[in-house]
$ cat upload_26.cif   # mmCIF, C-alpha atoms and all ligand atoms
data_protein
#
loop_
_atom_site.label_atom_id
_atom_site.label_comp_id
_atom_site.auth_asym_id
_atom_site.auth_seq_id
_atom_site.Cartn_x
_atom_site.Cartn_y
_atom_site.Cartn_z
CA MET A 1 98.61 114.94 69.79
CA SER A 2 100.74 112.50 71.72
CA ARG A 3 103.91 113.84 73.31
CA GLY A 4 105.54 110.44 72.94
CA ARG A 5 105.07 106.71 73.30
CA SER A 6 106.15 105.11 76.52
CA TRP A 7 106.07 101.74 78.18
CA GLY A 8 105.92 101.17 81.92
CA VAL A 9 107.29 97.81 83.02
CA PHE A 10 105.99 96.04 86.13
CA ARG A 11 108.29 94.31 88.60
CA GLU A 12 108.45 90.52 88.37
CA ARG A 13 105.92 89.14 90.85
CA THR A 14 108.57 86.94 92.43
CA HIS A 15 110.54 90.10 93.26
CA SER A 16 107.64 91.69 95.14
CA PRO A 17 106.89 89.32 98.02
CA ASN A 18 103.95 90.80 100.00
CA ARG A 19 104.20 93.96 97.93
CA GLU A 20 102.65 92.83 94.64
CA VAL A 21 99.74 95.25 94.89
CA ASP A 22 101.74 98.25 96.17
CA ASP A 23 104.38 97.74 93.50
CA ALA A 24 101.84 97.53 90.67
CA GLU A 25 99.90 100.50 92.01
CA ILE A 26 102.78 103.01 91.94
CA LEU A 27 103.56 102.08 88.33
CA ARG A 28 99.89 102.39 87.31
CA LEU A 29 99.49 105.76 88.98
CA THR A 30 102.70 107.07 87.42
CA GLY A 31 101.39 105.96 84.04
CA LYS A 32 98.12 107.76 84.70
CA HIS A 33 99.95 111.00 85.50
CA LEU A 34 102.02 110.64 82.32
CA GLU A 35 98.84 110.20 80.28
CA GLU A 36 97.48 113.38 81.84
CA ARG A 37 100.66 115.05 80.64
CA GLY A 38 99.93 113.91 77.09
CA PHE A 39 102.02 110.77 76.75
CA ASP A 40 100.87 107.44 75.35
CA VAL A 41 101.43 104.86 78.05
CA VAL A 42 101.30 101.08 77.78
CA LEU A 43 102.03 98.99 80.86
CA LYS A 44 103.80 95.69 80.29
CA SER A 45 105.03 92.68 82.18
CA PRO A 46 108.74 91.80 81.91
CA ASP A 47 107.72 88.67 79.98
CA GLU A 48 106.04 90.77 77.31
CA LEU A 49 109.33 92.61 76.79
CA LEU A 50 111.19 89.39 76.20
CA ALA A 51 108.87 88.53 73.30
CA PRO A 52 107.95 91.98 72.01
CA ALA A 53 105.26 92.21 69.35
CA GLU A 54 106.46 95.68 68.35
CA GLY A 55 109.62 97.78 68.47
CA PRO A 56 110.48 99.82 71.56
CA PRO A 57 108.74 103.16 72.18
CA ASP A 58 110.30 106.60 72.82
CA PHE A 59 111.00 105.90 76.48
CA VAL A 60 110.54 103.26 79.14
CA PHE A 61 110.00 103.59 82.89
CA LEU A 62 110.68 100.36 84.65
CA MET A 63 110.41 98.48 87.91
CA CYS A 64 111.65 95.14 86.56
CA GLU A 65 114.85 93.62 87.91
CA GLY A 66 115.45 90.25 86.22
CA ALA A 67 118.83 89.80 84.55
CA GLU A 68 117.34 88.67 81.24
CA VAL A 69 114.90 91.54 80.77
CA LEU A 70 117.58 94.03 81.86
CA ARG A 71 119.81 92.60 79.12
CA GLN A 72 117.06 93.19 76.58
CA LEU A 73 116.59 96.75 77.81
CA ARG A 74 120.33 97.40 77.60
CA ASN A 75 120.29 96.27 73.97
CA TRP A 76 117.57 98.80 73.26
CA GLU A 77 119.49 101.42 75.22
CA THR A 78 122.40 100.98 72.81
CA GLY A 79 119.90 101.81 70.09
CA GLY A 80 119.05 105.09 71.83
CA LEU A 81 116.04 104.14 73.98
CA ARG A 82 115.78 106.40 77.05
CA GLN A 83 114.93 104.73 80.34
CA VAL A 84 114.39 105.46 84.02
CA ASN A 85 115.92 103.84 85.93
CA SER A 86 118.68 102.94 83.55
CA PRO A 87 118.97 99.15 83.31
CA VAL A 88 122.60 99.29 84.44
CA ALA A 89 121.58 101.19 87.58
CA VAL A 90 119.03 98.47 88.38
CA LEU A 91 121.67 95.81 87.84
CA ASN A 92 123.89 97.77 90.22
CA THR A 93 121.41 97.12 93.04
CA TYR A 94 122.33 93.43 92.91
CA ARG A 95 123.92 93.16 96.31
CA GLU A 96 127.48 92.27 95.40
CA ARG A 97 127.67 94.92 92.69
CA MET A 98 126.13 97.45 95.07
CA ILE A 99 128.74 96.77 97.73
CA ALA A 100 131.60 97.22 95.26
CA GLN A 101 130.17 100.52 93.99
CA PHE A 102 129.63 101.85 97.52
CA GLU A 103 133.19 100.99 98.48
CA GLU A 104 134.43 102.88 95.45
CA ALA A 105 132.25 105.91 96.23
CA ASP A 106 133.04 105.80 99.97
CA VAL A 107 129.36 105.53 100.95
CA ALA A 108 128.69 104.82 104.66
CA PHE A 109 127.40 101.29 104.10
CA ILE A 110 126.99 98.45 106.58
CA ARG A 111 130.21 96.42 106.98
CA SER A 112 129.89 93.54 104.52
CA ALA A 113 131.91 90.56 103.34
CA LEU A 114 131.33 88.63 100.15
CA VAL A 115 131.77 84.91 100.82
CA SER A 116 131.39 81.59 99.04
CA THR A 117 128.38 79.57 100.18
CA ALA A 118 130.41 76.38 99.69
CA ALA A 119 132.99 77.35 102.32
CA SER A 120 131.97 77.80 105.94
CA PRO A 121 133.50 81.16 106.74
CA ARG A 122 133.35 82.34 110.34
CA PRO A 123 131.47 85.60 110.67
CA ALA A 124 133.60 88.51 111.88
CA SER A 125 131.00 89.24 114.55
CA LEU A 126 127.71 87.86 115.86
CA PRO A 127 124.85 88.19 115.33
CA VAL A 128 125.28 88.39 111.57
CA TRP A 129 123.00 88.82 108.56
CA VAL A 130 123.35 86.30 105.74
CA LYS A 131 122.02 87.56 102.41
CA ARG A 132 122.03 86.15 98.91
CA SER A 133 124.53 88.11 96.87
CA ASP A 134 122.39 89.03 93.88
CA VAL A 135 118.78 90.20 94.07
CA HIS A 136 117.11 91.41 97.27
CA ASN A 137 114.71 89.34 99.33
CA THR A 138 112.41 87.23 97.12
CA GLN A 139 111.71 84.28 99.45
CA ASP A 140 112.53 82.74 102.82
CA GLY A 141 116.24 82.15 103.21
CA ASP A 142 117.34 85.08 101.04
CA VAL A 143 117.91 87.43 103.98
CA VAL A 144 118.57 85.64 107.28
CA PHE A 145 119.40 86.89 110.77
CA ALA A 146 121.85 84.44 112.37
CA ALA A 147 122.55 84.68 116.08
CA THR A 148 125.12 81.89 116.17
CA GLU A 149 127.87 80.44 114.00
CA GLU A 150 125.75 77.33 113.47
CA ALA A 151 122.81 79.42 112.24
CA CYS A 152 125.15 81.31 109.91
CA ARG A 153 126.51 78.05 108.52
CA ALA A 154 123.00 76.65 108.05
CA ALA A 155 121.89 79.75 106.18
CA LEU A 156 124.93 79.53 103.86
CA GLU A 157 124.33 75.82 103.25
CA ALA A 158 120.69 76.50 102.39
CA LEU A 159 121.78 79.06 99.80
CA ALA A 160 124.37 76.62 98.40
CA ARG A 161 121.65 73.96 98.02
CA ARG A 162 119.69 76.47 95.91
CA ASP A 163 122.75 76.83 93.64
CA LEU A 164 123.53 80.32 94.88
CA PRO A 165 127.35 80.29 94.95
CA ARG A 166 127.96 83.50 96.90
CA ALA A 167 126.49 85.33 99.85
CA VAL A 168 127.06 88.53 101.76
CA LEU A 169 127.69 88.51 105.51
CA GLN A 170 126.81 91.75 107.24
CA GLU A 171 127.42 92.89 110.75
CA HIS A 172 124.19 93.39 112.74
CA LEU A 173 123.86 97.03 113.64
CA GLU A 174 121.68 98.25 116.52
CA GLY A 175 119.81 101.51 116.19
CA ASP A 176 116.69 103.17 114.81
CA LEU A 177 115.71 101.73 111.43
CA VAL A 178 114.64 104.34 108.92
CA LYS A 179 113.16 103.87 105.46
CA PHE A 180 113.52 106.47 102.77
CA TYR A 181 112.32 107.24 99.25
CA GLY A 182 113.92 109.53 96.70
CA ILE A 183 113.21 110.86 93.23
CA GLY A 184 115.68 112.72 91.05
CA THR A 185 119.35 113.39 91.23
CA GLY A 186 119.16 117.00 92.35
CA GLY A 187 121.11 119.93 91.09
CA ALA A 188 121.35 121.44 87.66
CA ARG A 189 121.16 118.19 85.69
CA ASP A 190 117.75 117.41 87.04
CA GLY A 191 116.04 120.73 86.50
CA GLY A 192 114.13 120.54 89.77
CA PRO A 193 114.67 120.02 93.48
CA PRO A 194 115.03 116.35 94.38
CA TRP A 195 112.11 114.82 96.28
CA PHE A 196 112.97 112.97 99.47
CA ARG A 197 110.91 111.45 102.29
CA TRP A 198 111.88 109.30 105.26
CA PHE A 199 110.19 107.69 108.22
CA TYR A 200 110.90 105.33 111.09
CA HIS A 201 110.13 101.73 110.21
CA LYS A 202 106.90 100.81 111.99
CA ASP A 203 107.83 97.43 113.55
CA GLN A 204 110.18 98.78 116.19
CA THR A 205 110.40 100.85 119.33
CA VAL A 206 112.22 103.98 118.25
CA ALA A 207 115.04 104.79 120.65
CA GLY A 208 115.21 108.35 119.39
CA HIS A 209 118.90 108.37 118.53
CA PRO A 210 120.14 111.65 117.03
CA LEU A 211 119.32 111.85 113.33
CA ASP A 212 120.18 114.66 110.95
CA PRO A 213 117.55 114.56 108.16
CA ARG A 214 119.77 116.49 105.78
CA GLY A 215 122.59 114.05 106.42
CA LEU A 216 120.22 111.20 105.65
CA ALA A 217 119.10 112.82 102.39
CA ARG A 218 122.71 113.40 101.42
CA LEU A 219 123.69 109.81 102.22
CA ALA A 220 120.76 108.48 100.19
CA ARG A 221 121.49 110.73 97.24
CA THR A 222 125.20 109.95 97.22
CA ALA A 223 124.43 106.24 97.32
CA ALA A 224 121.83 106.55 94.54
CA ALA A 225 124.29 108.50 92.41
CA ALA A 226 126.95 105.85 92.96
CA LEU A 227 124.62 103.25 91.42
CA GLY A 228 123.10 105.60 88.84
CA LEU A 229 119.59 105.38 90.32
CA GLU A 230 117.08 108.19 89.81
CA VAL A 231 114.01 106.64 91.47
CA TYR A 232 115.04 104.79 94.60
CA GLY A 233 114.37 103.78 98.18
CA GLY A 234 116.29 102.17 100.96
CA ASP A 235 116.96 101.42 104.60
CA ALA A 236 119.40 103.00 107.01
CA ILE A 237 120.23 102.76 110.69
CA ALA A 238 120.65 105.75 112.98
CA THR A 239 123.02 104.63 115.72
CA ALA A 240 123.22 105.77 119.33
CA ARG A 241 126.42 107.67 118.45
CA GLY A 242 124.57 109.68 115.83
CA ASP A 243 126.02 107.88 112.83
CA LEU A 244 123.93 107.03 109.79
CA VAL A 245 124.69 103.74 108.08
CA LEU A 246 123.06 102.55 104.90
CA LEU A 247 121.70 98.97 104.96
CA ASP A 248 120.18 98.65 101.53
CA LEU A 249 119.28 100.58 98.41
CA ASN A 250 116.60 99.52 95.95
CA ALA A 251 115.45 100.69 92.55
CA TRP A 252 111.94 102.15 92.27
CA PRO A 253 110.28 100.94 95.49
CA SER A 254 106.53 100.87 96.16
CA PHE A 255 106.50 104.34 97.79
CA ALA A 256 103.59 102.85 99.72
CA LEU A 257 103.00 105.61 102.29
CA TYR A 258 103.46 108.36 99.71
CA ARG A 259 101.97 106.79 96.60
CA ASP A 260 99.86 109.70 95.35
CA GLU A 261 102.47 112.33 95.95
CA ALA A 262 105.32 110.18 94.63
CA SER A 263 103.57 109.07 91.44
CA ALA A 264 102.89 112.68 90.45
CA GLU A 265 106.47 113.58 91.29
CA ILE A 266 107.92 110.68 89.29
CA ALA A 267 105.77 111.61 86.28
CA ALA A 268 107.00 115.22 86.47
CA TYR A 269 110.57 113.98 86.73
CA LEU A 270 110.15 111.62 83.75
CA ASP A 271 108.66 114.45 81.74
CA ARG A 272 111.71 116.66 82.43
CA ARG A 273 114.24 113.91 82.12
CA LEU A 274 113.02 111.96 79.12
CA THR A 275 111.68 114.62 76.85
CA GLY A 276 114.87 116.61 76.64
CA GLY A 277 114.36 118.96 79.60
CA ALA A 278 117.32 117.74 81.64
CA ARG A 279 120.58 115.97 80.66
N1 LIG B 301 123.07 94.57 109.05
C1 LIG B 301 121.84 94.77 109.56
N2 LIG B 301 121.71 95.29 110.80
C2 LIG B 301 120.47 95.46 111.33
N3 LIG B 301 119.33 95.15 110.70
C3 LIG B 301 119.40 94.62 109.46
C4 LIG B 301 120.66 94.42 108.83
N4 LIG B 301 120.43 93.89 107.62
C5 LIG B 301 119.11 93.78 107.49
N5 LIG B 301 118.46 94.22 108.58
C6 LIG B 301 116.99 94.23 108.74
O1 LIG B 301 116.42 93.39 107.75
C7 LIG B 301 115.64 94.14 106.83
C8 LIG B 301 115.82 93.61 105.41
O2 LIG B 301 117.17 93.71 105.00
P1 LIG B 301 117.55 94.27 103.55
O3 LIG B 301 119.02 94.20 103.37
O4 LIG B 301 116.92 95.59 103.37
O5 LIG B 301 116.91 93.18 102.60
P2 LIG B 301 115.72 93.23 101.55
O6 LIG B 301 115.42 94.64 101.17
O7 LIG B 301 116.25 92.42 100.44
O8 LIG B 301 114.58 92.56 102.24
C9 LIG B 301 116.11 95.58 107.04
O9 LIG B 301 115.12 96.48 106.70
C10 LIG B 301 116.43 95.59 108.52
O10 LIG B 301 115.25 95.68 109.28
MG MG B 302 115.60 96.53 101.97
#
$ encode --input "upload_26.cif" --output "C-alpha cells"
Amino acid sequence: MSRGRSWGVFRERTHSPNREVDDAEILRLTGKHLEERGFDVVLKSPDELLAPAEGPPDFVFLMCEGAEVLRQLRNWETGGLRQVNSPVAVLNTYRERMIAQFEEADVAFIRSALVSTAASPRPASLPVWVKRSDVHNTQDGDVVFAATEEACRAALEALARRDLPRAVLQEHLEGDLVKFYGIGTGGARDGGPPWFRWFYHKDQTVAGHPLDPRGLARLARTAAAALGLEVYGGDAIATARGDLVLLDLNAWPSFALYRDEASAEIAAYLDRRLTGGAR
C-alpha cells in the first residue's frame, strides 16, 4: 500500500545553466529513494504544475524557483499541501529578499547595497560585484565582476536594458571560497541530526586561511533558518583574519559531489518531515 502521493518538481531549465543534468539527477534519485520507502512519486516540470490535470498530491518536494509556479504552490499550501522547501523559503532566496532577511537575522553576509539600475551609483569600493536583484545567475550579465567604475556602470546599464530595475552591489571579498550543502534544520523539530558537507571550490588556489568547520555549519544553518530553507546550499568566504562571510544561499542545489548520499538523506528527511514525524 502506498504511504502517500507525492510530486517532485524539477528546476526550470533556464535556472540551471550548465547544471541541467546534475539538477535533474538529484531530484530523480530522491524520488527513487522515496519510492523505496513506499511513496508514490511523480516527477513534474514547473509548466505541468501551472496547468495541472489533477489536484495536488499529499506532499511536494520542489526545486523550481519561478515566481508564477511558486504562487501556484503557495495557493495549494493555503489548502494544506505540505512542501519542502516551502515556496516562501524559495522566494526568500531572491537576492533582495535574502539580503533583507539576513540583515534582520544578523547573519554574517557580504556587504551589499540595493541600487536602481537606472541611476549610476558609485560603488562603495572596487572591485565590486554587480548582481541582478531577483533570481541567481541564469545567464551572462546576471552576476558580473567589475574592476572599475565604468565596468560597474556598464553592468548596471545592461541590466536596465533587460528591464531589470534593481541590482545588488557587493564588495569583493578576498579569501578561500567554500561551497556547502545542508539538509534539515537540526534540533528537536527535525527529529534527526542535520546533514552538512563543505569543500573548497575547485577553481582556486586555496590559501589555507583559518576555517572553523563548526562555525561554517552554524553560519549556514542560521542563514537557512532565516529564509526558512530545509534543503539548501551556498557559498562562503574564509578570510585571512579567520572570519566567515556568506556570499550566497540557494534552495535545493545539485549536491553534485554528494549526490548518492544526499538523495538518500533528503528522502529520509522528507519521510520524517512530511509524514507527521517532525513539526
Ligand atoms: N562579493 C564577492 N566576493 C568574492 N567573490 C564573489 C563575490 N560574489 C560572487 N563571487 C564569486 O562569484 C560566484 C557566484 O556568485 P553568487 O552570488 O554565488 O551567484 P550565483 O550563485 O547566482 O551564480 C561565487 O561563487 C564567487 O566565486
Ligand atoms: Mg552561488
$ closest_residue --input "upload_26.cif" --among "A:His15, A:Arg122, A:Arg3, A:Arg273" --to "ligand MG 302 (chain B)" --atoms "all atoms listed in the file"
A:His15
$ closest_residue --input "upload_26.cif" --among "A:Lys44, A:Arg82, A:Arg241, A:His201" --to "ligand MG 302 (chain B)" --atoms "all atoms listed in the file"
A:His201
$ atom_distance --input "upload_26.cif" --atom1 "CA of Ala267 (chain A)" --atom2 "atom C10 of ligand LIG 301 (chain B)"
29.4 Å
$ closest_residue --input "upload_26.cif" --among "A:Ile183, A:Ala207, A:Ile110, A:Val60" --to "ligand LIG 301 (chain B)" --atoms "all atoms listed in the file"
A:Ile110
$ residues_around --input "upload_26.cif" --residues "Gly141 (chain A)" --least-positions-apart "3" --cutoff "9 Å" --atoms "all atoms listed in the file" --output "PyMOL selection string"
chain A and resi 130-132+137-138+144+155+158-159
$ write_last_selection --input "upload_26.cif" --atoms "C-alpha atoms" --output "compact mmCIF listing (two decimals), in the frame of the given file"
# COMPACT_ATOMS: atom_id res chain seq x y z
CA VAL A 130 123.35 86.30 105.74
CA LYS A 131 122.02 87.56 102.41
CA ARG A 132 122.03 86.15 98.91
CA ASN A 137 114.71 89.34 99.33
CA THR A 138 112.41 87.23 97.12
CA VAL A 144 118.57 85.64 107.28
CA ALA A 155 121.89 79.75 106.18
CA ALA A 158 120.69 76.50 102.39
CA LEU A 159 121.78 79.06 99.80
$ closest_residue --input "upload_26.cif" --among "A:Glu35, A:Glu103, A:Glu25, A:Glu48" --to "Arg259 (chain A)" --atoms "all atoms listed in the file"
A:Glu25
$ residues_around --input "upload_26.cif" --residues "Ala147 (chain A)" --least-positions-apart "6" --cutoff "8 Å" --atoms "all atoms listed in the file" --output "PyMOL selection string"
chain A and resi 126-128
$ residues_around --input "upload_26.cif" --residues "Gln101 (chain A)" --least-positions-apart "3" --cutoff "12 Å" --atoms "all atoms listed in the file" --output "number ranges by chain"
A: 89, 91-98, 104-109, 222-228, 249
$ write_last_selection --input "upload_26.cif" --atoms "C-alpha atoms" --output "PDB file, in the coordinates of the input"
ATOM      1  CA  ALA A  89     121.580 101.190  87.580  1.00  0.00           C
ATOM      2  CA  LEU A  91     121.670  95.810  87.840  1.00  0.00           C
ATOM      3  CA  ASN A  92     123.890  97.770  90.220  1.00  0.00           C
ATOM      4  CA  THR A  93     121.410  97.120  93.040  1.00  0.00           C
ATOM      5  CA  TYR A  94     122.330  93.430  92.910  1.00  0.00           C
ATOM      6  CA  ARG A  95     123.920  93.160  96.310  1.00  0.00           C
ATOM      7  CA  GLU A  96     127.480  92.270  95.400  1.00  0.00           C
ATOM      8  CA  ARG A  97     127.670  94.920  92.690  1.00  0.00           C
ATOM      9  CA  MET A  98     126.130  97.450  95.070  1.00  0.00           C
ATOM     10  CA  GLU A 104     134.430 102.880  95.450  1.00  0.00           C
ATOM     11  CA  ALA A 105     132.250 105.910  96.230  1.00  0.00           C
ATOM     12  CA  ASP A 106     133.040 105.800  99.970  1.00  0.00           C
ATOM     13  CA  VAL A 107     129.360 105.530 100.950  1.00  0.00           C
ATOM     14  CA  ALA A 108     128.690 104.820 104.660  1.00  0.00           C
ATOM     15  CA  PHE A 109     127.400 101.290 104.100  1.00  0.00           C
ATOM     16  CA  THR A 222     125.200 109.950  97.220  1.00  0.00           C
ATOM     17  CA  ALA A 223     124.430 106.240  97.320  1.00  0.00           C
ATOM     18  CA  ALA A 224     121.830 106.550  94.540  1.00  0.00           C
ATOM     19  CA  ALA A 225     124.290 108.500  92.410  1.00  0.00           C
ATOM     20  CA  ALA A 226     126.950 105.850  92.960  1.00  0.00           C
ATOM     21  CA  LEU A 227     124.620 103.250  91.420  1.00  0.00           C
ATOM     22  CA  GLY A 228     123.100 105.600  88.840  1.00  0.00           C
ATOM     23  CA  LEU A 249     119.280 100.580  98.410  1.00  0.00           C
TER      24      LEU A 249
END
$ residues_near_ligand --input "upload_26.cif" --ligand "ligand LIG 301 (chain B)" --cutoff "7 Å" --atoms "all atoms listed in the file" --output "ChimeraX atom specification"
/A:110,129,136-137,143,170-174,177,235,247-248
$ write_last_selection --input "upload_26.cif" --atoms "C-alpha atoms" --output "JSON list (two decimals), in the frame of the given file"
[["chain", "number", "residue", "atom", "x", "y", "z"],
["A", 110, "ILE", "CA", 126.99, 98.45, 106.58],
["A", 129, "TRP", "CA", 123.00, 88.82, 108.56],
["A", 136, "HIS", "CA", 117.11, 91.41, 97.27],
["A", 137, "ASN", "CA", 114.71, 89.34, 99.33],
["A", 143, "VAL", "CA", 117.91, 87.43, 103.98],
["A", 170, "GLN", "CA", 126.81, 91.75, 107.24],
["A", 171, "GLU", "CA", 127.42, 92.89, 110.75],
["A", 172, "HIS", "CA", 124.19, 93.39, 112.74],
["A", 173, "LEU", "CA", 123.86, 97.03, 113.64],
["A", 174, "GLU", "CA", 121.68, 98.25, 116.52],
["A", 177, "LEU", "CA", 115.71, 101.73, 111.43],
["A", 235, "ASP", "CA", 116.96, 101.42, 104.60],
["A", 247, "LEU", "CA", 121.70, 98.97, 104.96],
["A", 248, "ASP", "CA", 120.18, 98.65, 101.53]]
$ atom_distance --input "upload_26.cif" --atom1 "CA of Ala238 (chain A)" --atom2 "CA of Asp176 (chain A)"
5.1 Å
$ atom_distance --input "upload_26.cif" --atom1 "CA of Thr148 (chain A)" --atom2 "CA of Thr14 (chain A)"
29.4 Å
$ closest_residue --input "upload_26.cif" --among "A:Pro253, A:Gln204, A:Arg5, A:Leu270" --to "Asp23 (chain A)" --atoms "all atoms listed in the file"
A:Pro253
$ closest_residue --input "upload_26.cif" --among "A:Gly175, A:Pro52, A:Pro194, A:Arg19" --to "Pro210 (chain A)" --atoms "all atoms listed in the file"
A:Gly175
$ residues_around --input "upload_26.cif" --residues "Gly38 (chain A)" --least-positions-apart "4" --cutoff "8 Å" --atoms "all atoms listed in the file" --output "ChimeraX atom specification"
/A:1-4,34
$ residues_around --input "upload_26.cif" --residues "Arg74 (chain A)" --least-positions-apart "3" --cutoff "8 Å" --atoms "all atoms listed in the file" --output "PyMOL selection string"
chain A and resi 70-71+77-78+87-88
